[in-house]
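S.K.: Contents of model35.cif (mmCIF, C-alpha atoms and all ligand atoms) are below:
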data_work
loop_
_atom_site.label_atom_id
_atom_site.label_comp_id
_atom_site.auth_asym_id
_atom_site.auth_seq_id
_atom_site.Cartn_x
_atom_site.Cartn_y
_atom_site.Cartn_z
CA MET A 1 -17.25 16.29 -15.88
CA PRO A 2 -14.88 15.44 -12.99
CA GLU A 3 -11.16 15.92 -13.70
CA LYS A 4 -9.49 12.91 -15.26
CA THR A 5 -7.52 10.72 -12.85
CA THR A 6 -3.83 10.21 -13.56
CA TRP A 7 -4.35 6.68 -14.93
CA GLU A 8 -7.16 7.88 -17.14
CA LYS A 9 -4.83 10.54 -18.57
CA PHE A 10 -2.09 7.94 -18.95
CA PHE A 11 -4.23 5.35 -20.77
CA ASP A 12 -6.04 7.92 -22.91
CA ALA A 13 -2.62 8.97 -24.20
CA HIS A 14 -1.26 5.40 -24.40
CA ALA A 15 -4.32 3.91 -26.18
CA PRO A 16 -3.06 4.31 -29.78
CA ILE A 17 0.05 2.23 -29.05
CA TYR A 18 -1.18 -0.06 -26.24
CA GLU A 19 -1.42 -3.13 -28.46
CA ASP A 20 2.16 -2.60 -29.70
CA ASN A 21 3.28 -3.84 -26.27
CA VAL A 22 4.75 -7.32 -26.62
CA PHE A 23 2.82 -8.55 -23.56
CA THR A 24 -0.47 -8.11 -25.42
CA LYS A 25 0.38 -10.69 -28.07
CA ASN A 26 -0.85 -13.86 -26.34
CA THR A 27 -4.55 -13.13 -26.13
CA VAL A 28 -5.86 -16.31 -27.81
CA ARG A 29 -3.76 -18.57 -25.59
CA GLU A 30 -4.72 -16.53 -22.52
CA VAL A 31 -8.40 -16.90 -23.31
CA ASP A 32 -7.90 -20.69 -23.74
CA PHE A 33 -6.34 -20.65 -20.26
CA LEU A 34 -9.19 -18.57 -18.80
CA LEU A 35 -11.85 -20.86 -20.22
CA ASP A 36 -10.10 -23.90 -18.71
CA GLU A 37 -10.26 -22.21 -15.31
CA LEU A 38 -13.61 -20.43 -15.32
CA HIS A 39 -15.91 -23.41 -16.10
CA LEU A 40 -18.46 -21.18 -17.81
CA PRO A 41 -21.86 -22.42 -18.93
CA SER A 42 -22.34 -22.23 -22.69
CA GLY A 43 -23.04 -18.59 -23.60
CA GLY A 44 -22.34 -17.55 -19.98
CA SER A 45 -21.67 -13.97 -18.90
CA VAL A 46 -18.22 -12.54 -18.17
CA LEU A 47 -17.22 -9.18 -16.70
CA ASP A 48 -13.80 -7.87 -17.81
CA VAL A 49 -12.67 -5.17 -15.34
CA GLY A 50 -10.07 -2.75 -16.72
CA CYS A 51 -10.66 -4.31 -20.14
CA GLY A 52 -8.44 -1.81 -21.96
CA THR A 53 -8.63 -2.23 -25.73
CA GLY A 54 -10.87 -5.24 -25.19
CA ARG A 55 -8.52 -7.96 -26.38
CA HIS A 56 -9.79 -10.62 -23.90
CA ALA A 57 -13.39 -9.37 -23.98
CA ILE A 58 -13.54 -9.58 -27.78
CA GLU A 59 -11.93 -13.04 -27.93
CA LEU A 60 -14.42 -14.28 -25.31
CA ALA A 61 -17.31 -12.78 -27.31
CA LYS A 62 -16.00 -14.53 -30.46
CA ARG A 63 -16.33 -17.79 -28.55
CA GLY A 64 -19.99 -17.13 -27.78
CA TYR A 65 -19.90 -15.58 -24.30
CA ALA A 66 -21.88 -12.51 -23.22
CA VAL A 67 -19.18 -10.06 -22.24
CA THR A 68 -19.12 -6.69 -20.50
CA GLY A 69 -15.90 -4.68 -20.68
CA LEU A 70 -15.49 -1.96 -18.06
CA ASP A 71 -12.74 0.65 -18.17
CA LEU A 72 -11.95 4.17 -17.03
CA SER A 73 -10.31 5.33 -20.26
CA SER A 74 -12.62 6.49 -23.04
CA GLU A 75 -9.74 6.20 -25.54
CA MET A 76 -9.05 2.56 -24.63
CA LEU A 77 -12.79 1.82 -24.84
CA SER A 78 -13.13 3.57 -28.18
CA ARG A 79 -10.43 1.31 -29.63
CA ALA A 80 -12.14 -1.68 -28.04
CA ALA A 81 -15.47 -0.76 -29.64
CA ASP A 82 -13.83 -0.34 -33.07
CA ALA A 83 -12.08 -3.72 -32.75
CA ALA A 84 -15.32 -5.47 -31.74
CA LYS A 85 -17.07 -3.93 -34.73
CA ALA A 86 -14.29 -5.09 -37.04
CA GLU A 87 -14.62 -8.62 -35.62
CA ASN A 88 -18.40 -8.43 -35.91
CA VAL A 89 -19.04 -9.32 -32.26
CA HIS A 90 -21.13 -7.64 -29.59
CA VAL A 91 -19.55 -6.60 -26.29
CA GLU A 92 -21.18 -4.22 -23.81
CA TRP A 93 -18.66 -1.43 -23.10
CA ILE A 94 -19.02 0.55 -19.88
CA ARG A 95 -16.93 3.55 -18.90
CA ALA A 96 -16.64 3.47 -15.11
CA ASN A 97 -14.18 3.51 -12.28
CA ALA A 98 -13.67 -0.06 -11.03
CA THR A 99 -13.80 1.23 -7.45
CA GLN A 100 -17.34 2.50 -8.00
CA PHE A 101 -19.54 0.06 -9.93
CA THR A 102 -22.05 -2.60 -9.03
CA PHE A 103 -24.04 -5.11 -11.10
CA PRO A 104 -25.62 -7.38 -8.44
CA GLU A 105 -25.13 -11.12 -9.11
CA LEU A 106 -25.18 -10.75 -12.87
CA TYR A 107 -22.07 -12.62 -13.99
CA ASP A 108 -20.90 -16.23 -14.31
CA ALA A 109 -17.27 -15.07 -14.11
CA ALA A 110 -15.03 -12.01 -13.90
CA VAL A 111 -11.51 -11.25 -15.06
CA CYS A 112 -9.21 -8.36 -14.18
CA LEU A 113 -6.02 -8.83 -16.14
CA CYS A 114 -2.68 -7.13 -16.48
CA GLU A 115 -3.43 -4.76 -13.56
CA GLY A 116 -6.81 -3.91 -15.05
CA ALA A 117 -7.40 -1.18 -12.43
CA PHE A 118 -6.31 -3.38 -9.47
CA GLY A 119 -3.52 -1.46 -7.72
CA LEU A 120 -3.41 1.33 -10.32
CA LEU A 121 -3.87 4.04 -7.71
CA GLY A 122 -5.36 7.42 -8.47
CA GLU A 123 -3.86 10.47 -6.72
CA SER A 124 -6.11 10.14 -3.68
CA ASP A 125 -6.61 6.37 -3.62
CA ASP A 126 -5.75 4.53 -0.42
CA PRO A 127 -3.45 1.54 -1.12
CA ILE A 128 -5.71 -0.86 0.80
CA ASP A 129 -9.17 0.58 0.07
CA GLN A 130 -8.60 0.80 -3.72
CA PRO A 131 -7.99 -2.91 -4.35
CA LEU A 132 -10.51 -3.93 -1.68
CA SER A 133 -13.24 -1.78 -3.27
CA ILE A 134 -12.57 -3.39 -6.65
CA LEU A 135 -12.71 -6.87 -5.15
CA CYS A 136 -15.98 -6.09 -3.33
CA ASN A 137 -17.52 -4.68 -6.51
CA VAL A 138 -16.44 -7.74 -8.52
CA SER A 139 -17.68 -10.07 -5.79
CA ARG A 140 -21.10 -8.40 -5.65
CA SER A 141 -21.36 -8.69 -9.43
CA LEU A 142 -20.76 -12.45 -9.43
CA LYS A 143 -23.33 -15.20 -9.03
CA PRO A 144 -22.72 -17.48 -6.02
CA GLN A 145 -19.74 -19.83 -6.58
CA ALA A 146 -18.73 -17.96 -9.76
CA LYS A 147 -15.00 -17.73 -10.44
CA ALA A 148 -12.65 -14.83 -11.06
CA VAL A 149 -9.12 -14.55 -12.44
CA PHE A 150 -6.90 -11.58 -11.62
CA THR A 151 -3.27 -10.85 -12.53
CA VAL A 152 -1.55 -8.33 -10.24
CA LEU A 153 1.96 -7.06 -9.58
CA ASN A 154 4.15 -9.29 -7.39
CA ALA A 155 5.67 -7.44 -4.42
CA ALA A 156 8.56 -9.92 -4.17
CA ALA A 157 9.87 -8.92 -7.60
CA ILE A 158 9.40 -5.23 -6.83
CA LEU A 159 11.28 -5.53 -3.54
CA ARG A 160 14.23 -7.14 -5.34
CA LYS A 161 14.28 -4.31 -7.86
CA TYR A 162 14.49 -1.31 -5.49
CA GLN A 163 17.28 -0.05 -3.22
CA ASN A 164 17.22 2.18 -0.14
CA GLU A 165 18.02 5.21 -2.35
CA ASP A 166 14.77 4.58 -4.26
CA VAL A 167 12.90 4.68 -0.97
CA ALA A 168 14.70 7.86 0.11
CA GLU A 169 13.94 9.51 -3.24
CA GLY A 170 10.25 8.53 -3.23
CA ARG A 171 10.28 6.00 -6.06
CA PHE A 172 9.14 3.14 -3.83
CA ASP A 173 7.29 3.02 -0.50
CA PRO A 174 8.06 -0.21 1.40
CA LEU A 175 5.14 0.37 3.78
CA THR A 176 2.48 0.30 1.07
CA MET A 177 4.34 -1.47 -1.79
CA VAL A 178 3.58 1.54 -3.99
CA GLU A 179 5.88 2.51 -6.88
CA SER A 180 5.73 6.12 -8.04
CA SER A 181 6.94 7.07 -11.49
CA GLU A 182 6.76 9.93 -13.94
CA HIS A 183 5.88 9.11 -17.54
CA PRO A 184 7.41 11.47 -20.06
CA PRO A 185 5.21 13.75 -22.12
CA GLN A 186 3.63 12.20 -25.21
CA GLU A 187 2.06 13.96 -28.16
CA GLY A 188 -0.32 16.56 -26.82
CA MET A 189 0.01 15.25 -23.25
CA PRO A 190 2.01 16.65 -20.37
CA ALA A 191 4.09 14.30 -18.19
CA VAL A 192 1.94 12.08 -15.96
CA ALA A 193 2.98 10.98 -12.47
CA VAL A 194 1.44 7.61 -11.55
CA ARG A 195 1.30 5.29 -8.53
CA GLU A 196 1.17 1.52 -8.88
CA ARG A 197 0.76 -1.03 -6.10
CA ALA A 198 2.28 -4.51 -5.79
CA PHE A 199 0.90 -7.31 -3.58
CA VAL A 200 2.10 -10.05 -1.25
CA PRO A 201 0.29 -13.40 -1.61
CA THR A 202 -0.90 -13.56 2.01
CA GLU A 203 -2.51 -10.11 1.82
CA LEU A 204 -4.18 -11.13 -1.44
CA ILE A 205 -5.75 -14.10 0.33
CA LEU A 206 -6.97 -11.75 3.07
CA LEU A 207 -8.27 -9.07 0.67
CA PHE A 208 -10.17 -11.67 -1.37
CA ARG A 209 -11.57 -13.15 1.85
CA LEU A 210 -12.78 -9.72 3.02
CA ALA A 211 -14.55 -9.41 -0.33
CA GLY A 212 -16.33 -12.75 0.09
CA MET A 213 -14.06 -14.72 -2.26
CA SER A 214 -11.78 -17.70 -1.59
CA VAL A 215 -8.45 -17.92 -3.35
CA LEU A 216 -8.18 -21.32 -5.05
CA ASN A 217 -4.78 -20.92 -6.70
CA MET A 218 -1.94 -18.44 -7.10
CA TRP A 219 0.29 -19.05 -10.09
CA GLY A 220 2.74 -17.34 -12.42
CA GLY A 221 0.73 -14.59 -14.08
CA THR A 222 3.40 -12.56 -15.85
CA ALA A 223 1.83 -11.07 -18.96
CA GLY A 224 2.79 -13.16 -21.98
CA ASN A 225 3.88 -16.10 -19.78
CA TRP A 226 0.95 -17.39 -17.76
CA GLY A 227 1.38 -20.86 -16.29
CA ARG A 228 0.18 -23.21 -13.56
CA ARG A 229 3.55 -22.96 -11.83
CA SER A 230 4.42 -21.93 -8.30
CA LEU A 231 5.51 -18.35 -7.84
CA ASP A 232 9.15 -17.45 -7.92
CA LEU A 233 10.58 -14.22 -6.59
CA ASP A 234 11.11 -12.70 -10.03
CA GLU A 235 7.61 -13.36 -11.36
CA ILE A 236 6.36 -9.92 -12.40
CA GLU A 237 2.70 -10.72 -11.93
CA ILE A 238 0.77 -13.10 -9.70
CA MET A 239 -2.30 -14.86 -11.12
CA ILE A 240 -5.11 -15.36 -8.61
CA VAL A 241 -7.92 -17.81 -9.32
CA ALA A 242 -10.75 -17.27 -6.85
CA CYS A 243 -14.33 -18.27 -6.23
CA LYS A 244 -17.20 -16.28 -4.69
CA THR A 245 -18.08 -17.98 -1.42
CA ALA A 246 -19.96 -15.39 0.66
CA GLU A 247 -22.44 -12.55 0.28
CA LEU A 248 -21.28 -9.01 1.06
CA PRO A 249 -23.12 -6.12 2.69
CA ALA A 250 -24.65 -3.61 0.25
CA ALA A 251 -22.41 -1.34 -1.84
CA GLY A 252 -21.14 1.70 0.03
CA ASP A 253 -19.76 -0.53 2.77
CA ALA A 254 -17.09 -1.80 0.37
CA ALA A 255 -14.11 -0.85 2.47
CA LYS A 256 -15.57 -2.16 5.72
CA PRO A 257 -14.43 -5.60 6.81
CA ARG A 258 -17.14 -8.19 7.19
CA ALA A 259 -18.23 -9.05 10.75
C1 LIG A 301 -2.50 -2.42 -18.41
S1 LIG A 301 -4.12 -2.10 -18.99
C2 LIG A 301 -4.79 -3.74 -19.05
C3 LIG A 301 -5.86 -3.88 -20.10
C4 LIG A 301 -6.38 -5.29 -20.35
N1 LIG A 301 -6.95 -5.87 -19.16
C5 LIG A 301 -5.28 -6.17 -20.91
O1 LIG A 301 -4.99 -7.22 -20.33
O2 LIG A 301 -4.73 -5.82 -21.96
C6 LIG A 301 -4.95 -1.43 -17.56
C7 LIG A 301 -6.35 -0.89 -17.87
O3 LIG A 301 -6.98 -0.56 -16.63
C8 LIG A 301 -7.73 0.63 -16.82
N2 LIG A 301 -7.93 1.27 -15.53
C9 LIG A 301 -6.99 1.87 -14.74
N3 LIG A 301 -7.55 2.31 -13.60
C10 LIG A 301 -8.88 2.00 -13.68
C11 LIG A 301 -9.99 2.17 -12.82
N4 LIG A 301 -9.85 2.76 -11.62
N5 LIG A 301 -11.19 1.72 -13.21
C12 LIG A 301 -11.35 1.11 -14.42
N6 LIG A 301 -10.34 0.91 -15.27
C13 LIG A 301 -9.12 1.33 -14.92
C14 LIG A 301 -6.89 1.45 -17.76
O4 LIG A 301 -7.63 2.48 -18.41
C15 LIG A 301 -6.35 0.38 -18.71
O5 LIG A 301 -7.19 0.24 -19.83
#
What is this file in structure tokens?
Ligand SMILES: C[S@@+](CC[C@H](N)C(=O)[O-])C[C@H]1O[C@@H](n2cnc3c(N)ncnc32)[C@H](O)[C@@H]1O
M.R.:
Amino acid sequence: MPEKTTWEKFFDAHAPIYEDNVFTKNTVREVDFLLDELHLPSGGSVLDVGCGTGRHAIELAKRGYAVTGLDLSSEMLSRAADAAKAENVHVEWIRANATQFTFPELYDAAVCLCEGAFGLLGESDDPIDQPLSILCNVSRSLKPQAKAVFTVLNAAAILRKYQNEDVAEGRFDPLTMVESSEHPPQEGMPAVAVRERAFVPTELILLFRLAGMSVLNMWGGTAGNWGRRSLDLDEIEIMIVACKTAELPAAGDAAKPRA
């Protein structure tokens, strides 16, 4: 078994209390919102990347959709599987790194919510290649014209939060928009140092374009407060609604720009 990545260690330890977070309490309304945007056929297929404890995946399955939840953390997935069982719904759970999967043209839609992998950088992840690989993998997994909804950290809010001392002391890198932080030890777990990436809207449009997707809308996507409103500088997360518009080269060329 390869060594766990930092985020895998973090979410394995965080899994028992993840759903205590206040931002996880709006799942039913969020799924209503997603269904308004995704225009799924009845019983259509949805891929949830970085599905965590499966709260969106399970709610979508309860509404009759065929859902796959993909996540790196076996502890998050184990809770997801238990919750699906308790709700008596079927969801396919897959443990995988979102930078390394492919399910060619299988899905009617994809979601990647609350930084579900996107921008959660492992120790050796490149700040551009990591999100671009995820987008390419999602794009390859979608049927032509299928839609995707992502929520990702907003660089504008991050920039307003940090000072030059934070840059000097390594807490924030203004070149890559990467925050570095140390999470204190939890029961049975040593401290975990993690890196998290925020995004500027124009680069999101470019990254999605490189992955064969067109951005249709960018709205307020702060967890617990999604809305079809224009972004303000303090919005913690950006919601991106996109549509697959072009085919990509085969997997393995994920990080290469299209000709
Ligand atoms: C903040 S949680 C979001 C979970 C869920 N989407 C939600 O809205 O509640 C981020 C999830 O992304 C997963 N994750 C982090 N890096 C990943 C990667 N490289 N590949 C797949 N999943 C990853 C974590 O294990 C965690 O479950």
S.K.: Please, which residues are within 6 Å of (-7.3, -15.7, -6.4) by the file's coordinates, counting all atoms listed in the file, and could they come as a PyMOL selection string?
M.R.: chain A and resi 215-217+240-242
S.K.: Could the residues that lie within 9 Å of ligand LIG 301 (chain A), counting all atoms listed in the file, be listed as a ChimeraX atom specification?
M.R.: /A:5-12,15,18-19,23-24,27,48-57,70-77,95-100,111-122,130,134,151,223
S.K.: Could you tell me which of A:Val192, A:Glu235, A:Leu132, A:Ala146 comes closest to Arg160 (chain A) if we count all atoms listed in the file?
M.R.: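 Using all atoms listed in the file, the shortest distance to Arg160 (chain A) belongs to A:Glu235.
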S.K.: What's the 6 Å shell around Ala157 (chain A), counting all atoms listed in the file, without same-chain residues fewer than 3 positions away, as a PDB file with C-alpha atoms, in the coordinates of the input?
M.R.:
ATOM      1  CA  ASN A 154       4.150  -9.290  -7.390  1.00  0.00           C
ATOM      2  CA  ARG A 160      14.230  -7.140  -5.340  1.00  0.00           C
ATOM      3  CA  LEU A 233      10.580 -14.220  -6.590  1.00  0.00           C
ATOM      4  CA  ASP A 234      11.110 -12.700 -10.030  1.00  0.00           C
TER       5      ASP A 234
END
S.K.: Which is closest to Leu106 (chain A) among A:Gln163, A:Ala66, A:Val28, A:Met218, if we use only C-alpha atoms?
M.R.: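 Ranking A:Gln163, A:Ala66, A:Val28, A:Met218 by distance to Leu106 (chain A), first place goes to A:Ala66.
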S.K.: Thr245 (chain A): which residues within 7 Å, counting only C-alpha atoms, same-chain residues fewer than 3 positions away excluded, as a list in words?
M.R.: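 Once the nearby chain positions are removed, what remains is Pro144, Gln145, Gly212, Met213 and Ser214 of chain A.
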S.K.: Can those selected residues be exported to a file as an mmCIF file, keeping the file's coordinate frame so that it contains C-alpha atoms?
M.R.:
data_model
loop_
_atom_site.group_PDB
_atom_site.id
_atom_site.type_symbol
_atom_site.label_atom_id
_atom_site.label_comp_id
_atom_site.auth_asym_id
_atom_site.auth_seq_id
_atom_site.Cartn_x
_atom_site.Cartn_y
_atom_site.Cartn_z
ATOM 1 C CA PRO A 144 -22.720 -17.480 -6.020
ATOM 2 C CA GLN A 145 -19.740 -19.830 -6.580
ATOM 3 C CA GLY A 212 -16.330 -12.750 0.090
ATOM 4 C CA MET A 213 -14.060 -14.720 -2.260
ATOM 5 C CA SER A 214 -11.780 -17.700 -1.590
#
S.K.: In terms of the shortest atom-to-atom distance over only C-alpha atoms, which of A:Val138, A:Asn164, A:Ser42, A:Phe150 is closest to Trp226 (chain A)?
M.R.: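 When distances to Trp226 (chain A) are compared using only C-alpha atoms, the smallest one comes from A:Phe150.
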